[in-house]
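Before any comments, here is the structure.
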Amino acid sequence: MDIKFTEEQEAIREGVKRVCDQFTDEYWSKLDQEKSFPFEFHKAMADAGWLGITMPEELGGANLGVTEAAIMMHEVSCSAGGYSAASTLHLNIFGPHAVVVNGTPEQKERMLKPLIAGTDRACFGVTEPDAGLDTTSITTFATKVDGGYRVTGRKIWTSSGQVANKILLLTRTTPKDQCKKPTDGMTLFYTDLDKSQIEVRRINKMGRNAVDSNATFIDDYFVPEEDRIGEEGKGFHYILHSLNPERILVGIEAVGLGRGALARASQYARERKVFGRFIGENQGIQHPLAENWAYLESAFWMIMRAANLYDSGLPCGAEANAGKFLGGRAAFDACTRAVMTHGGMGYSTEYQVERLFRESILLRIAPITEQLILSFIAEKVLDLPKSY
């Protein structure tokens with residue numbers, strides 16, 4: 001078993017790093033404080049061709065696998081931008097997968113090309129206030145009318161909704177109580193996010209402030225039939241294709257965030273002198289940082305295994321979920337330790353670790369909680385009874 005990157009994969013890592021290195025701590029701190037979207041970073045990544053890394057070549061993409069996307073996103077979140085930088089690009093990688101797999105040739109041309117070029121920005125309209133992670137209980141409803149559908153409902157945690165002009169929208173077209181299975185009766189659309197008709201209300205939050213999160217209010221909004229992805233009633237099954245890639249990418253982004261924080265902590269420990277000696281000489285500083293490295297490293301390789309399994313067409317649900325769990329925990333611990341290593345200065349904005357710390361807690365919560373991951377593994381791997 002040869003566990004190392006190929007020359008092509010190393011070239012991806014180096015190429016992404018070159019773009020990310022153009023955007024400094026000061027750039028990301030300013031955006032975090034002003035709650036402004038990183039348009040310049042998004043454009044630079046689009047211009048360099050990275051937004052289409054998993055997209056078909058005939059549309060301008062690179063047609064590479066989730067493994068290569070993971071390498072890319074690890075490098076992005078390891079940079080000064082942290083998880084804000086990753087979230088700027090994240091939906092481009094896993095979100096349109098349903099269109100890639102189930103869209104018509106016309107839809108792929110119309111919907112994916114502008115995403116790859118960076119001229120469109122999309123958001124994800126799935127989660128709802130009263131459903132949470134129980135996606136089968138969404139109530140946003142699309143009623144069939146001449147030429148399309150009329151949609152009414154509410155979505156929450158719609159990332160980048162303030163700057164997006166497109167939305168991947170999951171609705172019900174048949175009430176849950178009228179379906180044979182809870183997963184039936186849902187329909188997926190990729191359509192315009194017309195803010196003159198849809199209210200997108202920003203949610204104030206702890207971190208990752210350069211990328212907005214929103215409550216989205218949709219009332220009798222017309223969606224043309226040509227914006228429906230695949231068959232009516234099959235939407236839930238279509239988004240399942242993107243769940244394991246999402247877990248893999250979020251997990252690897254967490255590892256990158258943690259590694260970036262660990263690098264800052266180690267640098268500070270090498271330079272900071274107290275009582276006549278560098279604090280990095282003390283085992284009380286060394287050992288926790290070394291432990292962070294070990295956990296981040298183990299999470300990294302679990303996630304890369306999951307990515308390899310996915311790209312090989314093999315089952316990877318347990319590995320993808322475990323990787324996301326391990327990555328989120330390892331990132332949070334590393335970012336916490338980075339603040340503690342900096343002491344009082346870790347609480348200031350000067351050394352950036354407080355920003356990374358605020359971002360790291362999100363990776364333990366979204367897009368799926370640690371508790372649901374453990375329940376999944378208990379049921380699917382350990383053959384224990386379903387607990388929810």
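To be explicit about the labels: the chains of the structure tokens are called A, B, and onward in the order shown, and within each one the residues are counted from 1, while ligands get numbers from 1 in the order they are shown.
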
Check your understanding: Running DSSP on the backbone, which parts of stretch 94-324 of chain A land in helix (DSSP H, G or I), as a ChimeraX atom specification?
Key -> /A:94,97-102,105-117,135-137,176-178,225-227,235-271,279-281,283-311,317-324

Report as JSON lines the residues of stretch 21-60 of chain A within 10 Å of stretch 71-78 of chain A, each with its shortest atom pair and distance in Å (one decimal), using only C-alpha atoms, ordered by chain and increasing residue number.
```
{"residue": "A:Asp21", "atom": "CA", "partner": "A:Val76", "partner_atom": "CA", "distance": 9.4}
{"residue": "A:Trp50", "atom": "CA", "partner": "A:Met72", "partner_atom": "CA", "distance": 8.2}
{"residue": "A:Ile53", "atom": "CA", "partner": "A:Met72", "partner_atom": "CA", "distance": 8.7}
```

Exercise for review: Could you give me, as a list in words, the residues within 8 Å of A:Val99, counting only C-alpha atoms and dropping anything in the same chain fewer than 4 positions from it?
Suggested key: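 The neighbour list is Gly103, Thr104, Gln107, Lys108, Leu112 and Ile229 of chain A.
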
Check your understanding: If you count only C-alpha atoms, which residues fall within 7 Å of A:Gly153, apart from same-chain ones fewer than 5 positions away, as an NGL selection string?
Key -> :A and (139-141 or 217-219)

Check your understanding: Got a sec: who's within 12 Å of A:Gly313, counting only C-alpha atoms, leaving out chain neighbours fewer than 5 positions off, as a VMD selection string?
Key -> chain A and resid 65 to 66 241 244 306 to 308

Put those residues in a file: C-alpha atoms, as a tab-separated table (two decimals), in the first residue's frame.
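Below is the file that was written, selection26.tsv:
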```
chain	number	residue	atom	x	y	z
A	65	GLY	CA	-11.96	13.12	-7.76
A	66	VAL	CA	-12.96	13.93	-4.22
A	241	HIS	CA	-24.97	11.53	-3.63
A	244	ASN	CA	-20.32	11.55	1.80
A	306	ALA	CA	-12.69	7.83	2.84
A	307	ALA	CA	-11.95	9.95	-0.23
A	308	ASN	CA	-10.07	7.10	-1.89
```

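Proximity ranking of A:Asp2, A:Glu246, A:Asp333, A:Asp47 relative to A:Tyr310 places A:Glu246 first, based on only C-alpha atoms.
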
Practice item. Point out the residue among A:Thr341, A:Asn63, A:Gly49, A:Val250 with the least atom-to-atom distance to A:Asn282, counting only C-alpha atoms. Key: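 Smallest distance to A:Asn282 is found for A:Thr341.
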
Review point. Could you pull the residues within 8 Å of stretch 38-44 of chain A, counting only C-alpha atoms, minus those fewer than 3 positions along the same chain, as a ChimeraX atom specification?
Key: /A:19-20,23,31,47-48,85,88-89,118,210-211

Could you dump the residues just selected with C-alpha atoms as a short mmCIF file (atom, residue, chain, number, x, y, z; two decimals), in the first residue's frame?
```
data_model
loop_
_atom_site.label_atom_id
_atom_site.label_comp_id
_atom_site.auth_asym_id
_atom_site.auth_seq_id
_atom_site.Cartn_x
_atom_site.Cartn_y
_atom_site.Cartn_z
CA VAL A 19 -3.16 31.48 -4.68
CA CYS A 20 -4.01 31.36 -0.96
CA PHE A 23 -4.33 36.74 0.91
CA LEU A 31 -13.38 40.80 6.28
CA ASP A 47 -9.39 32.58 -12.41
CA ALA A 48 -6.87 29.88 -11.48
CA ALA A 85 -11.74 30.67 3.03
CA THR A 88 -16.17 30.62 0.29
CA LEU A 89 -15.62 27.70 -2.10
CA GLY A 118 -17.05 32.16 -10.77
CA ALA A 210 -16.69 36.67 6.15
CA VAL A 211 -19.22 34.12 4.87
#
```

Exercise for review: For stretch 360-370 of chain A, list every protein, DNA or RNA residue within 7 Å, evaluated using only C-alpha atoms, and leave out those in the same chain fewer than 4 positions away; present the list as a list of chain:residue names.
Suggested key: A:Ala254, A:Phe325, A:Gly328, A:Arg329, A:Ala331, A:Phe332, A:Cys335, A:Leu356, A:Leu374

Just N, CA and C atoms for this one: save the residues we selected as a PDB file, in the first residue's frame.
```pdb
ATOM      1  N   ALA A 254     -11.519  20.889   8.398  1.00  0.00           N
ATOM      2  CA  ALA A 254     -11.269  20.990   9.833  1.00  0.00           C
ATOM      3  C   ALA A 254      -9.803  20.700  10.137  1.00  0.00           C
ATOM      4  N   PHE A 325     -15.967  13.464  12.159  1.00  0.00           N
ATOM      5  CA  PHE A 325     -15.960  13.493  13.623  1.00  0.00           C
ATOM      6  C   PHE A 325     -14.551  13.767  14.148  1.00  0.00           C
ATOM      7  N   GLY A 328     -13.220  17.342  13.156  1.00  0.00           N
ATOM      8  CA  GLY A 328     -13.831  18.420  13.940  1.00  0.00           C
ATOM      9  C   GLY A 328     -13.287  18.483  15.348  1.00  0.00           C
ATOM     10  N   ARG A 329     -13.159  17.331  15.998  1.00  0.00           N
ATOM     11  CA  ARG A 329     -12.615  17.292  17.356  1.00  0.00           C
ATOM     12  C   ARG A 329     -11.152  17.759  17.382  1.00  0.00           C
ATOM     13  N   ALA A 331      -9.535  19.620  15.256  1.00  0.00           N
ATOM     14  CA  ALA A 331      -9.412  21.048  14.941  1.00  0.00           C
ATOM     15  C   ALA A 331      -9.760  21.903  16.145  1.00  0.00           C
ATOM     16  N   PHE A 332     -10.862  21.573  16.814  1.00  0.00           N
ATOM     17  CA  PHE A 332     -11.278  22.346  17.982  1.00  0.00           C
ATOM     18  C   PHE A 332     -10.207  22.290  19.068  1.00  0.00           C
ATOM     19  N   CYS A 335      -7.113  24.373  17.952  1.00  0.00           N
ATOM     20  CA  CYS A 335      -7.367  25.822  18.000  1.00  0.00           C
ATOM     21  C   CYS A 335      -7.451  26.310  19.450  1.00  0.00           C
ATOM     22  N   LEU A 356      -9.503  31.814  14.524  1.00  0.00           N
ATOM     23  CA  LEU A 356      -9.538  30.399  14.168  1.00  0.00           C
ATOM     24  C   LEU A 356     -10.296  29.594  15.226  1.00  0.00           C
ATOM     25  N   LEU A 374     -22.059   9.376  15.725  1.00  0.00           N
ATOM     26  CA  LEU A 374     -21.850   8.217  16.589  1.00  0.00           C
ATOM     27  C   LEU A 374     -23.027   7.254  16.512  1.00  0.00           C
TER      28      LEU A 374
END
```

Study note, to complete from the structure: Of A:Arg277, A:Lys195, A:Arg247, A:His287, the one nearest to A:Glu319 when counting only C-alpha atoms is A:Arg247
